[in-house]
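Source file: data.cif; contents: mmCIF, C-alpha atoms.
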```cif
data_start
#
loop_
_atom_site.label_atom_id
_atom_site.label_comp_id
_atom_site.auth_asym_id
_atom_site.auth_seq_id
_atom_site.Cartn_x
_atom_site.Cartn_y
_atom_site.Cartn_z
CA MET A 1 -2.64 60.87 -133.35
CA ASN A 2 -2.96 63.18 -136.35
CA SER A 3 -3.39 60.29 -138.81
CA ARG A 4 -6.09 58.83 -136.58
CA LEU A 5 -7.96 62.09 -136.58
CA THR A 6 -7.61 62.35 -140.36
CA LEU A 7 -9.05 58.89 -140.77
CA ASN A 8 -11.67 59.82 -138.25
CA ASP A 9 -12.58 62.93 -140.23
CA ALA A 10 -12.73 60.87 -143.42
CA ALA A 11 -14.99 58.33 -141.79
CA PHE A 12 -17.32 61.02 -140.67
CA SER A 13 -17.22 62.73 -144.02
CA VAL A 14 -17.89 59.58 -145.99
CA PHE A 15 -20.28 57.70 -143.80
CA ALA A 16 -22.21 60.57 -142.38
CA GLY A 17 -21.94 62.57 -145.55
CA GLN A 18 -21.40 61.19 -149.05
CA ALA A 19 -22.02 57.54 -148.36
CA MET A 20 -25.01 58.08 -146.12
CA ALA A 21 -26.48 60.37 -148.75
CA CYS A 22 -26.36 57.37 -151.09
CA ALA A 23 -27.79 54.97 -148.55
CA ASP A 24 -31.32 54.85 -149.94
CA GLN A 25 -30.08 54.57 -153.52
CA GLY A 26 -27.74 51.77 -152.52
CA TYR A 27 -30.56 49.99 -150.74
CA ARG A 28 -32.82 50.25 -153.82
CA PHE A 29 -30.05 48.87 -156.01
CA ALA A 30 -29.57 45.99 -153.57
CA LEU A 31 -33.31 45.44 -153.58
CA LEU A 32 -33.32 45.30 -157.37
CA LEU A 33 -30.59 42.69 -157.26
CA SER A 34 -32.00 40.51 -154.50
CA LEU A 35 -35.72 41.34 -154.83
CA ASP A 36 -35.89 40.73 -151.10
CA GLU A 37 -35.90 43.43 -148.44
CA SER A 38 -34.06 41.52 -145.76
CA ALA A 39 -31.39 40.27 -148.13
CA ALA A 40 -31.08 43.75 -149.58
CA PHE A 41 -30.27 45.30 -146.24
CA ASP A 42 -27.73 42.58 -145.43
CA ASN A 43 -26.25 43.30 -148.83
CA VAL A 44 -26.00 47.02 -148.09
CA ARG A 45 -24.57 46.41 -144.64
CA VAL A 46 -21.77 44.26 -146.09
CA ALA A 47 -21.14 46.89 -148.73
CA TYR A 48 -20.79 49.64 -146.14
CA ASP A 49 -18.40 47.49 -144.17
CA ASN A 50 -16.25 47.20 -147.32
CA VAL A 51 -16.46 50.91 -148.10
CA LYS A 52 -14.46 51.50 -144.93
CA ASN A 53 -11.43 50.07 -146.77
CA VAL A 54 -11.55 52.52 -149.66
CA LEU A 55 -12.13 55.74 -147.79
CA ASP A 56 -9.07 57.32 -149.38
CA LYS A 57 -10.57 56.79 -152.86
CA ILE A 58 -13.88 58.49 -152.08
CA GLU A 59 -14.08 62.22 -152.51
CA THR A 60 -17.44 62.87 -154.12
CA ARG A 61 -20.95 61.50 -153.89
CA GLU A 62 -20.42 59.83 -157.28
CA ASP A 63 -17.34 58.06 -155.94
CA ALA A 64 -19.32 56.83 -152.97
CA LEU A 65 -22.18 55.65 -155.17
CA LEU A 66 -19.82 53.80 -157.50
CA PHE A 67 -18.05 51.93 -154.69
CA LEU A 68 -21.33 51.22 -152.96
CA ALA A 69 -22.79 49.77 -156.16
CA LYS A 70 -19.65 47.72 -156.74
CA PHE A 71 -19.65 46.19 -153.25
CA ILE A 72 -23.41 45.60 -153.35
CA TYR A 73 -23.10 43.82 -156.70
CA ASP A 74 -20.10 41.76 -155.55
CA ASP A 75 -21.98 40.66 -152.45
CA ALA A 76 -25.13 39.92 -154.42
CA VAL A 77 -23.12 37.73 -156.83
CA SER A 78 -21.61 35.76 -153.97
CA ALA A 79 -24.85 35.62 -151.98
CA LYS A 80 -27.01 34.41 -154.84
CA THR A 81 -30.04 35.28 -152.77
CA SER A 82 -33.07 36.31 -154.75
CA GLY A 83 -36.72 36.91 -154.00
CA THR A 84 -39.69 37.01 -156.38
CA GLY A 85 -39.92 40.77 -156.66
CA SER A 86 -43.68 40.49 -156.71
CA GLY A 87 -44.04 43.46 -154.41
CA PHE A 88 -42.15 45.94 -156.56
CA GLY A 89 -44.71 46.70 -159.25
CA MET A 90 -42.57 45.14 -161.97
CA PRO A 91 -43.30 41.40 -161.99
CA LEU A 92 -41.01 40.81 -164.95
CA LEU A 93 -37.95 41.64 -162.91
CA ASP A 94 -37.57 38.11 -161.64
CA LYS A 95 -37.33 36.97 -165.25
CA LEU A 96 -34.02 38.81 -165.58
CA SER A 97 -30.59 37.53 -164.64
CA LEU A 98 -28.60 39.12 -161.85
CA LYS A 99 -26.27 40.75 -164.34
CA GLN A 100 -29.20 42.13 -166.36
CA ARG A 101 -30.78 43.56 -163.22
CA ALA A 102 -27.40 44.97 -162.23
CA ALA A 103 -27.02 46.63 -165.63
CA ILE A 104 -30.36 48.43 -165.52
CA GLY A 105 -29.76 49.12 -161.82
CA VAL A 106 -26.50 51.02 -162.24
CA ILE A 107 -27.60 52.84 -165.41
CA ASP A 108 -31.36 53.39 -165.17
CA LEU A 109 -31.81 53.37 -161.38
CA LEU A 110 -28.58 54.88 -160.04
CA GLY A 111 -27.79 56.96 -163.13
CA LEU A 112 -24.11 56.03 -163.33
CA THR A 113 -22.20 56.71 -166.54
CA LEU A 114 -21.36 53.77 -168.78
CA GLU A 115 -17.73 53.90 -167.62
CA ASP A 116 -18.67 53.85 -163.94
CA ALA A 117 -21.26 51.18 -164.57
CA MET A 118 -18.67 48.93 -166.23
CA GLU A 119 -16.40 49.34 -163.21
CA ALA A 120 -19.24 48.78 -160.77
CA ILE A 121 -20.29 45.45 -162.22
CA SER A 122 -16.87 44.51 -163.58
CA CYS A 123 -17.69 43.97 -167.24
CA GLU A 124 -16.75 45.10 -170.71
CA GLU A 125 -18.74 47.74 -172.54
CA SER A 126 -20.26 45.26 -174.97
CA ASP A 127 -21.31 42.97 -172.13
CA LEU A 128 -22.91 45.88 -170.32
CA ILE A 129 -24.79 47.05 -173.41
CA LYS A 130 -25.91 43.51 -174.15
CA ALA A 131 -27.18 43.02 -170.61
CA LEU A 132 -28.89 46.42 -170.74
CA ALA A 133 -30.53 45.63 -174.06
CA ASP A 134 -31.75 42.26 -172.97
CA ALA A 135 -33.21 43.60 -169.75
CA ARG A 136 -34.81 46.68 -171.33
CA SER A 137 -36.32 44.70 -174.20
CA VAL A 138 -38.11 42.53 -171.64
CA LEU A 139 -39.26 45.38 -169.40
CA MET A 140 -40.19 47.73 -172.24
CA ALA A 141 -42.20 45.12 -174.10
CA MET B 1 -19.20 60.92 -175.02
CA THR B 2 -20.39 57.39 -175.77
CA ARG B 3 -19.50 55.51 -178.91
CA ILE B 4 -21.53 52.63 -180.37
CA PRO B 5 -19.50 49.41 -180.03
CA LYS B 6 -18.90 47.44 -183.20
CA ASN B 7 -20.07 43.89 -183.75
CA LEU B 8 -23.31 44.30 -181.80
CA PRO B 9 -26.72 43.51 -183.33
CA GLU B 10 -28.85 46.56 -184.09
CA LYS B 11 -31.53 45.56 -181.58
CA GLN B 12 -28.98 45.37 -178.77
CA ILE B 13 -27.56 48.72 -179.79
CA MET B 14 -31.00 50.30 -179.81
CA TYR B 15 -32.11 48.94 -176.43
CA GLY B 16 -28.66 49.18 -174.92
CA LEU B 17 -27.91 52.75 -175.93
CA ILE B 18 -31.35 54.35 -176.02
CA GLY B 19 -30.48 56.07 -172.76
CA ALA B 20 -27.32 57.59 -174.20
CA TYR B 21 -29.28 58.63 -177.28
CA VAL B 22 -32.01 60.31 -175.24
CA ASP B 23 -29.47 61.95 -172.92
CA GLY B 24 -27.46 63.23 -175.89
CA THR B 25 -24.21 61.60 -174.85
CA LEU B 26 -23.64 59.80 -178.16
CA THR B 27 -21.15 61.31 -180.53
CA ASN B 28 -22.73 63.20 -183.41
CA SER B 29 -21.99 60.49 -185.99
CA ASP B 30 -23.27 57.74 -183.68
CA ARG B 31 -26.34 59.80 -182.92
CA ARG B 32 -27.13 60.05 -186.64
CA HIS B 33 -26.42 56.35 -187.05
CA PHE B 34 -28.70 55.56 -184.10
CA ALA B 35 -31.54 57.66 -185.58
CA GLU B 36 -31.20 55.85 -188.90
CA MET B 37 -31.44 52.50 -187.12
CA LEU B 38 -34.63 53.60 -185.39
CA SER B 39 -36.13 54.58 -188.78
CA SER B 40 -35.13 51.35 -190.45
CA GLN B 41 -36.56 49.29 -187.57
CA LYS B 42 -39.76 51.40 -187.64
CA ILE B 43 -39.83 51.73 -183.84
CA GLU B 44 -39.85 55.51 -183.59
CA ASP B 45 -41.86 55.45 -180.38
CA ILE B 46 -38.98 53.73 -178.53
CA GLU B 47 -38.08 57.02 -176.85
CA ASP B 48 -41.50 57.30 -175.22
CA THR B 49 -41.49 53.63 -174.30
CA PHE B 50 -38.03 54.04 -172.73
CA ALA B 51 -39.16 57.06 -170.72
CA SER B 52 -42.22 55.16 -169.53
CA TYR B 53 -40.12 52.11 -168.56
CA LYS B 54 -37.58 54.24 -166.72
CA GLY B 55 -40.33 56.02 -164.82
CA LYS B 56 -41.88 52.68 -163.84
CA LEU B 57 -38.52 51.27 -162.73
CA GLN B 58 -37.67 54.25 -160.56
CA GLY B 59 -41.24 54.43 -159.27
CA ALA B 60 -41.17 50.75 -158.30
CA PHE B 61 -38.27 51.36 -155.94
CA SER B 62 -38.84 54.93 -154.86
CA ASP B 63 -41.14 53.84 -152.04
CA HIS B 64 -38.38 51.74 -150.55
CA PHE B 65 -35.90 53.36 -148.28
CA LEU B 66 -33.94 52.59 -145.14
CA ASN B 67 -35.69 53.02 -141.85
CA GLU B 68 -34.04 54.87 -138.98
CA GLY B 69 -32.83 51.70 -137.30
CA GLN B 70 -31.18 50.44 -140.48
CA ARG B 71 -29.63 53.83 -141.11
CA GLN B 72 -28.22 53.88 -137.59
CA LYS B 73 -26.70 50.44 -138.13
CA LEU B 74 -24.95 51.72 -141.22
CA LEU B 75 -23.73 54.77 -139.33
CA ASN B 76 -22.37 52.50 -136.65
CA ILE B 77 -20.40 50.64 -139.29
CA GLY B 78 -19.05 53.97 -140.44
CA SER B 79 -18.07 54.85 -136.95
CA THR B 80 -14.48 53.66 -137.03
CA ILE B 81 -12.40 52.90 -133.99
CA GLY B 82 -10.96 56.38 -134.25
CA THR B 83 -14.43 57.88 -134.28
CA ARG B 84 -15.50 55.89 -131.27
CA LEU B 85 -12.25 56.71 -129.50
CA GLN B 86 -12.72 60.40 -130.23
CA SER B 87 -16.30 60.18 -129.05
CA GLU B 88 -15.20 58.43 -125.87
CA ILE B 89 -12.50 61.04 -125.28
CA THR B 90 -15.06 63.80 -125.68
CA GLU B 91 -17.44 62.06 -123.32
CA SER B 92 -14.60 61.45 -120.90
CA LYS B 93 -13.64 65.12 -120.99
CA LYS B 94 -17.24 66.13 -120.39
CA LEU B 95 -17.47 63.69 -117.49
CA ARG B 96 -14.17 64.89 -116.04
CA PHE B 97 -15.29 68.51 -116.28
CA PHE B 98 -18.56 67.61 -114.55
CA GLU B 99 -16.70 65.71 -111.83
CA MET B 100 -14.27 68.60 -111.30
CA LYS B 101 -17.21 70.98 -110.99
CA LEU B 102 -18.89 68.69 -108.49
CA LEU B 103 -15.64 68.28 -106.55
CA PHE B 104 -15.10 72.03 -106.49
CA LYS B 105 -18.63 72.56 -105.18
CA ARG B 106 -18.06 69.95 -102.49
CA TYR B 107 -14.77 71.54 -101.44
CA ALA B 108 -16.42 74.96 -101.41
CA ILE B 109 -19.21 73.69 -99.17
CA VAL B 110 -16.76 71.91 -96.85
CA PHE B 111 -14.53 75.00 -96.72
CA ALA B 112 -17.54 77.22 -95.94
CA VAL B 113 -18.71 74.87 -93.17
CA VAL B 114 -15.19 74.66 -91.68
CA ALA B 115 -14.85 78.44 -91.84
CA ILE B 116 -18.20 78.95 -90.10
CA VAL B 117 -17.39 76.38 -87.42
CA ALA B 118 -13.91 77.85 -86.90
CA TYR B 119 -15.37 81.34 -86.58
CA ALA B 120 -18.02 80.15 -84.13
CA VAL B 121 -15.47 78.23 -82.03
CA THR B 122 -13.14 81.22 -82.04
CA MET B 123 -15.91 83.54 -80.95
CA LEU B 124 -16.92 81.12 -78.20
CA LEU B 125 -13.47 80.25 -76.87
CA LEU B 126 -11.44 83.38 -77.43
CA PRO B 127 -11.41 85.57 -74.30
CA GLN B 128 -13.17 88.84 -74.88
CA THR B 129 -10.70 91.66 -75.31
CA TYR B 130 -11.23 95.09 -73.92
CA GLU B 131 -9.49 98.34 -74.25
CA LYS B 132 -6.99 98.75 -71.43
CA PHE B 133 -8.17 101.05 -68.66
CA LYS B 134 -6.19 104.30 -68.79
CA PRO B 135 -6.91 106.19 -65.56
CA LEU B 136 -5.02 109.33 -66.50
CA ASP B 137 -6.99 109.63 -69.75
CA TYR B 138 -10.37 109.00 -68.18
CA LEU B 139 -10.47 110.18 -64.58
CA GLY B 140 -9.99 113.91 -65.25
CA TRP B 141 -12.97 113.86 -67.58
CA GLU B 142 -14.97 111.76 -65.16
CA ALA B 143 -14.28 114.26 -62.37
CA GLN B 144 -15.53 117.09 -64.56
CA ALA B 145 -18.69 115.16 -65.45
CA PHE B 146 -19.42 114.41 -61.80
CA GLU B 147 -18.90 118.01 -60.80
CA GLU B 148 -21.21 119.28 -63.52
CA ASP B 149 -24.00 116.78 -62.84
CA PRO B 150 -23.58 115.06 -59.49
CA GLU B 151 -27.24 114.07 -59.18
CA GLY B 152 -27.26 112.44 -62.60
CA ARG B 153 -23.99 110.58 -62.10
CA LEU B 154 -24.19 109.39 -58.51
CA ASP B 155 -26.10 106.15 -58.11
CA PHE B 156 -26.00 106.44 -54.36
CA PRO B 157 -26.22 110.04 -53.11
CA SER B 158 -25.65 110.14 -49.39
CA LYS B 159 -23.95 112.28 -46.78
CA ASP B 160 -23.46 109.31 -44.46
CA ILE B 161 -20.00 107.79 -44.81
CA ASP B 162 -21.12 104.46 -43.33
CA GLU B 163 -23.97 104.17 -45.84
CA VAL B 164 -21.56 104.94 -48.68
CA ALA B 165 -19.08 102.36 -47.39
CA ALA B 166 -21.88 99.79 -47.09
CA PHE B 167 -23.09 100.59 -50.61
CA LEU B 168 -19.68 100.00 -52.14
CA ALA B 169 -18.95 96.93 -50.02
CA ALA B 170 -22.21 95.36 -51.20
CA TYR B 171 -21.71 96.28 -54.86
CA PRO B 172 -21.82 93.05 -56.92
CA ASN B 173 -18.81 91.78 -58.86
CA LEU B 174 -16.53 94.61 -57.86
CA LYS B 175 -13.69 92.12 -57.24
CA PHE B 176 -11.79 94.41 -54.88
CA ARG B 177 -12.45 96.08 -51.55
CA PRO B 178 -13.01 99.74 -52.25
CA VAL B 179 -11.56 102.26 -49.85
CA VAL B 180 -13.76 104.97 -48.37
CA LEU B 181 -11.68 107.78 -46.95
CA ALA B 182 -12.42 108.85 -43.42
CA PRO B 183 -13.53 112.45 -42.84
CA MET B 184 -10.61 114.59 -43.95
CA LYS B 185 -11.60 118.09 -42.80
CA PRO B 186 -14.73 119.46 -41.24
CA GLU B 187 -15.52 121.55 -44.34
CA ILE B 188 -15.28 118.54 -46.67
CA GLU B 189 -18.40 116.44 -46.73
CA ILE B 190 -19.24 113.27 -48.54
CA THR B 191 -22.04 113.56 -51.15
CA GLY B 192 -22.44 110.03 -52.48
CA ALA B 193 -20.93 107.18 -54.43
CA THR B 194 -21.24 105.17 -57.61
CA VAL B 195 -19.36 102.60 -59.68
CA ILE B 196 -18.18 103.22 -63.22
CA ASP B 197 -17.84 100.12 -65.37
CA TYR B 198 -14.85 100.31 -67.72
CA GLU B 199 -15.29 96.70 -68.77
CA PRO B 200 -13.56 94.76 -67.29
CA THR B 201 -12.22 97.38 -64.85
CA LYS B 202 -14.72 98.68 -62.36
CA VAL B 203 -13.96 101.99 -60.69
CA ALA B 204 -15.45 102.88 -57.33
CA VAL B 205 -16.22 106.59 -57.03
CA VAL B 206 -16.79 108.54 -53.85
CA MET B 207 -17.62 112.22 -54.23
CA TYR B 208 -16.81 114.89 -51.67
CA LYS B 209 -17.51 118.57 -51.61
CA ASP B 210 -15.60 121.44 -50.06
CA LYS B 211 -18.36 123.47 -48.47
CA ASN B 212 -16.23 126.63 -48.48
CA SER B 213 -15.20 126.65 -52.13
CA ASP B 214 -18.00 124.44 -53.45
CA ASP B 215 -15.31 122.45 -55.30
CA ALA B 216 -15.76 118.74 -55.80
CA ILE B 217 -13.15 116.25 -54.70
CA MET B 218 -13.38 112.83 -56.30
CA HIS B 219 -11.94 109.65 -54.91
CA PHE B 220 -11.57 106.95 -57.51
CA SER B 221 -10.31 103.49 -56.63
CA TYR B 222 -9.86 100.41 -58.79
CA ARG B 223 -8.01 97.12 -58.85
CA GLY B 224 -4.53 97.87 -60.17
CA ARG B 225 -0.92 98.71 -59.33
CA LEU B 226 0.58 102.15 -58.91
CA SER B 227 3.54 100.92 -60.90
CA ASP B 228 1.27 100.48 -63.94
CA LEU B 229 0.84 104.25 -64.15
CA PRO B 230 3.20 106.40 -66.23
CA GLN B 231 6.36 107.42 -64.48
CA ALA B 232 6.04 110.60 -62.38
CA PRO B 233 8.15 112.08 -59.58
CA PRO B 234 7.09 110.32 -56.38
CA GLY B 235 6.08 112.34 -53.37
CA SER B 236 5.28 111.43 -49.84
CA VAL B 237 3.31 112.81 -46.98
CA GLY B 238 3.98 110.98 -43.79
CA SER B 239 3.85 107.35 -44.70
CA LEU B 240 1.78 107.99 -47.81
CA THR B 241 3.80 107.66 -50.97
CA TYR B 242 2.04 109.10 -53.98
CA ARG B 243 2.46 110.21 -57.55
CA ALA B 244 1.07 113.49 -58.76
CA PHE B 245 -0.42 114.18 -62.16
CA THR B 246 -2.37 116.99 -63.75
CA SER B 247 -5.15 117.18 -66.29
CA GLU B 248 -6.71 120.18 -67.99
CA TYR B 249 -8.76 121.27 -64.97
CA TYR B 250 -7.72 119.03 -62.10
CA ASN B 251 -4.79 117.72 -60.18
CA LEU B 252 -4.56 114.03 -59.54
CA VAL B 253 -2.78 112.27 -56.71
CA ALA B 254 -2.43 108.52 -56.92
CA TRP B 255 -1.38 106.03 -54.26
CA GLU B 256 -1.81 102.39 -53.47
CA SER B 257 -4.61 101.91 -50.98
CA SER B 258 -3.56 98.31 -50.55
CA GLY B 259 -1.48 95.76 -52.42
CA GLU B 260 -3.82 95.59 -55.36
CA VAL B 261 -6.00 98.68 -55.16
CA THR B 262 -4.96 102.03 -56.53
CA SER B 263 -6.66 105.25 -55.43
CA PHE B 264 -6.87 108.61 -57.13
CA LEU B 265 -7.90 111.79 -55.37
CA VAL B 266 -8.88 114.34 -58.00
CA GLY B 267 -9.67 117.97 -57.34
CA ARG B 268 -8.82 121.58 -58.04
CA GLN B 269 -6.64 121.70 -54.97
CA GLY B 270 -2.90 121.55 -55.27
CA THR B 271 -1.25 118.15 -55.40
CA LYS B 272 0.29 118.54 -51.97
CA GLU B 273 -3.04 119.52 -50.47
CA LEU B 274 -4.69 116.56 -52.17
CA ALA B 275 -1.94 114.29 -50.86
CA GLU B 276 -2.47 115.67 -47.37
CA LEU B 277 -6.21 114.98 -47.64
CA ALA B 278 -5.46 111.47 -48.83
CA LYS B 279 -3.12 110.90 -45.92
CA ILE B 280 -5.74 112.05 -43.47
CA GLY B 281 -8.54 110.10 -45.11
CA SER B 282 -6.54 106.91 -45.36
CA GLY B 283 -5.29 107.24 -41.81
CA ARG B 284 -1.60 107.13 -42.65
#
```

In structure tokens, how does this file's structure come out?
Amino acid sequence: MNSRLTLNDAAFSVFAGQAMACADQGYRFALLLSLDESAAFDNVRVAYDNVKNVLDKIETREDALLFLAKFIYDDAVSAKTSGTGSGFGMPLLDKLSLKQRAAIGVIDLLGLTLEDAMEAISCEESDLIKALADARSVLMA
Amino acid sequence: MTRIPKNLPEKQIMYGLIGAYVDGTLTNSDRRHFAEMLSSQKIEDIEDTFASYKGKLQGAFSDHFLNEGQRQKLLNIGSTIGTRLQSEITESKKLRFFEMKLLFKRYAIVFAVVAIVAYAVTMLLLPQTYEKFKPLDYLGWEAQAFEEDPEGRLDFPSKDIDEVAAFLAAYPNLKFRPVVLAPMKPEIEITGATVIDYEPTKVAVVMYKDKNSDDAIMHFSYRGRLSDLPQAPPGSVGSLTYRAFTSEYYNLVAWESSGEVTSFLVGRQGTKELAELAKIGSGR
């Protein structure tokens, strides 16, 4: 009974606290990846379902954001659903690859550190910097 | 701190690490190296361009957020089985407490109704209880009251023995046949009669007066047995068997007028004289 209550407390803490505090940020990241509102929410919903399995690894808001970003990216990769992004004020977004959007998403949108960003989108530092550079050079042009 | 990876083209380093450069997270040597690259590429305004791009990117998505329904769906995902179970237990406890309260109120109402009905039935069915009639305690005082205020106490003042007998015989709900003593002596005259109600015992009273001494003589009779009176030495005059008692001011002589009627003759006379008067009056 005690372990159930501990898990229960953790669920409350994470989902009603840290993870829910990141909900809008996670949704925006998913939106950046899919460029489609409906797909973005499905993406976030799947991510939250997966977060349930790593409750013991989440202590801070940063932890929650990192795992949320990771699950959102993983789902976006497998879903391969993408809209035009025409409604987001940055028409050039749909010119970028998913990985490029993910790179600017975790760094420039979510504000993760390079280390966390590499873990979130499962890539090496050079790959991350390359994706960032390619995406920024397009959007900053 | 962030280090610039080797084997990356300068342009990728500049666009890839401009954020780290602006945020100051590059190591000192890499920061100097980064600044030199910016000078050599003659794109010094890249910092402003980066800030503008970042603002546009964040602005493009800042208007998008989860609505309440979507947020609730996410919360429901977060609500694990344990959470739901705990929630259900809490709800169940609340419900049980409410039910117990309701049950207690119902029992209280039923108990109150039963108590009221039981009380009402008891009051209706239980025979009314009265204090037992105690002639020796009461009749001495009654005699004194009659002597002090005969007009006020006698319901039927009369000097005619037949009228007095008729009055008592006709008295409603007396439940015994009161005895009216026959004339006992020429100087003793009857003055009237009344009935005292010691619920449920009714006592017939006939008052006499000794014209010589002006003393009152009271004859009380009621439904009861002589044997119910406290033990006292029995006396007899002729065939009249009596018991004699005394109170503060009077002597009392008691005898059974009939099987179920007891008489008391109360006066200032001596007990033997009272017994003699009773014998004469009762014709024994």

**Prompt:** What's the 7 Å shell around Leu68 of chain A, counting all atoms listed in the file, without same-chain residues fewer than 6 positions away, as a count of residues only?
**Reply:** 3

**Item:** Result set of the PyMOL selection byres ((chain A) within 9 of (chain B)) on the coordinates above, as a PyMOL selection string
**Value:** chain A and resi 4-5+7-9+11-12+14-16+20+23-25+27-29+31-32+37+41+44-45+48-49+51-52+87-90+107-109+114+125-126+128-137+139-141

**Asked** Using only C-alpha atoms, can you list as an MDAnalysis selection string the residues within 9 Å of (-31.7, 39.2, -163.0)?
**Response** chainID A and resid 32:34 82 93:102 135

**Message:** Set the distance at 9 Å and use all atoms listed in the file: which residues neighbour segment 212-229 of chain B once local chain neighbours fewer than 5 positions away are removed? I'd like the list as JSON, numbers by chain.
**Reply:** {"B": [134, 135, 136, 139, 143, 144, 146, 147, 174, 175, 176, 177, 178, 179, 180, 181, 187, 188, 201, 202, 203, 204, 205, 206, 207, 242, 243, 254, 255, 256, 257, 259, 260, 261, 262, 263, 264, 265, 266, 267, 268, 269, 274]}

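Across B:Glu276, B:Asp23, B:Glu189, B:Glu10, the tightest approach to Ile161 of chain B is made by B:Glu189 when counting all atoms listed in the file.
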
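Closest approach to Arg3 of chain B among B:Val22, B:Thr241, B:His33, B:Glu91 is made by B:His33 (distances from all atoms listed in the file).
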
**Request:** For Phe67 of chain A, list every protein, DNA or RNA residue within 10 Å, evaluated using all atoms listed in the file, and leave out those in the same chain fewer than 6 positions away; present the list as a ChimeraX atom specification.
**Result:** /A:19,26,47-48,50-51,54-55,57-58,73,116,119-120

**Prompt:** Of the candidates A:Leu66, A:Leu35, A:Ala30, A:Ala21, which one gets nearest to Thr84 of chain A if we count all atoms listed in the file?
**Reply:**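 Ranked by minimum distance to Thr84 of chain A, first place goes to A:Leu35.
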
**Item:** atom CA of Arg61 of chain A to atom CA of Cys22 of chain A, distance in Å rounded to a single decimal
**Value:**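 Atom CA of Arg61 of chain A sits 7.4 Å away from atom CA of Cys22 of chain A.
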
**Prompt:** From the set A:Ile121, A:Asp56, A:Asp75, A:Val138, which residue has the shortest atom-to-atom contact distance to Pro91 of chain A, counting only C-alpha atoms?
**Reply:**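 Ranked by minimum distance to Pro91 of chain A, first place goes to A:Val138.
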
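Relative to atom CA of Glu59 of chain A, atom CA of Glu115 of chain A is found at 17.6 Å.
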
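Across the structure, atom CA of Tyr119 of chain B and atom CA of Lys101 of chain B are spaced 26.6 Å apart.
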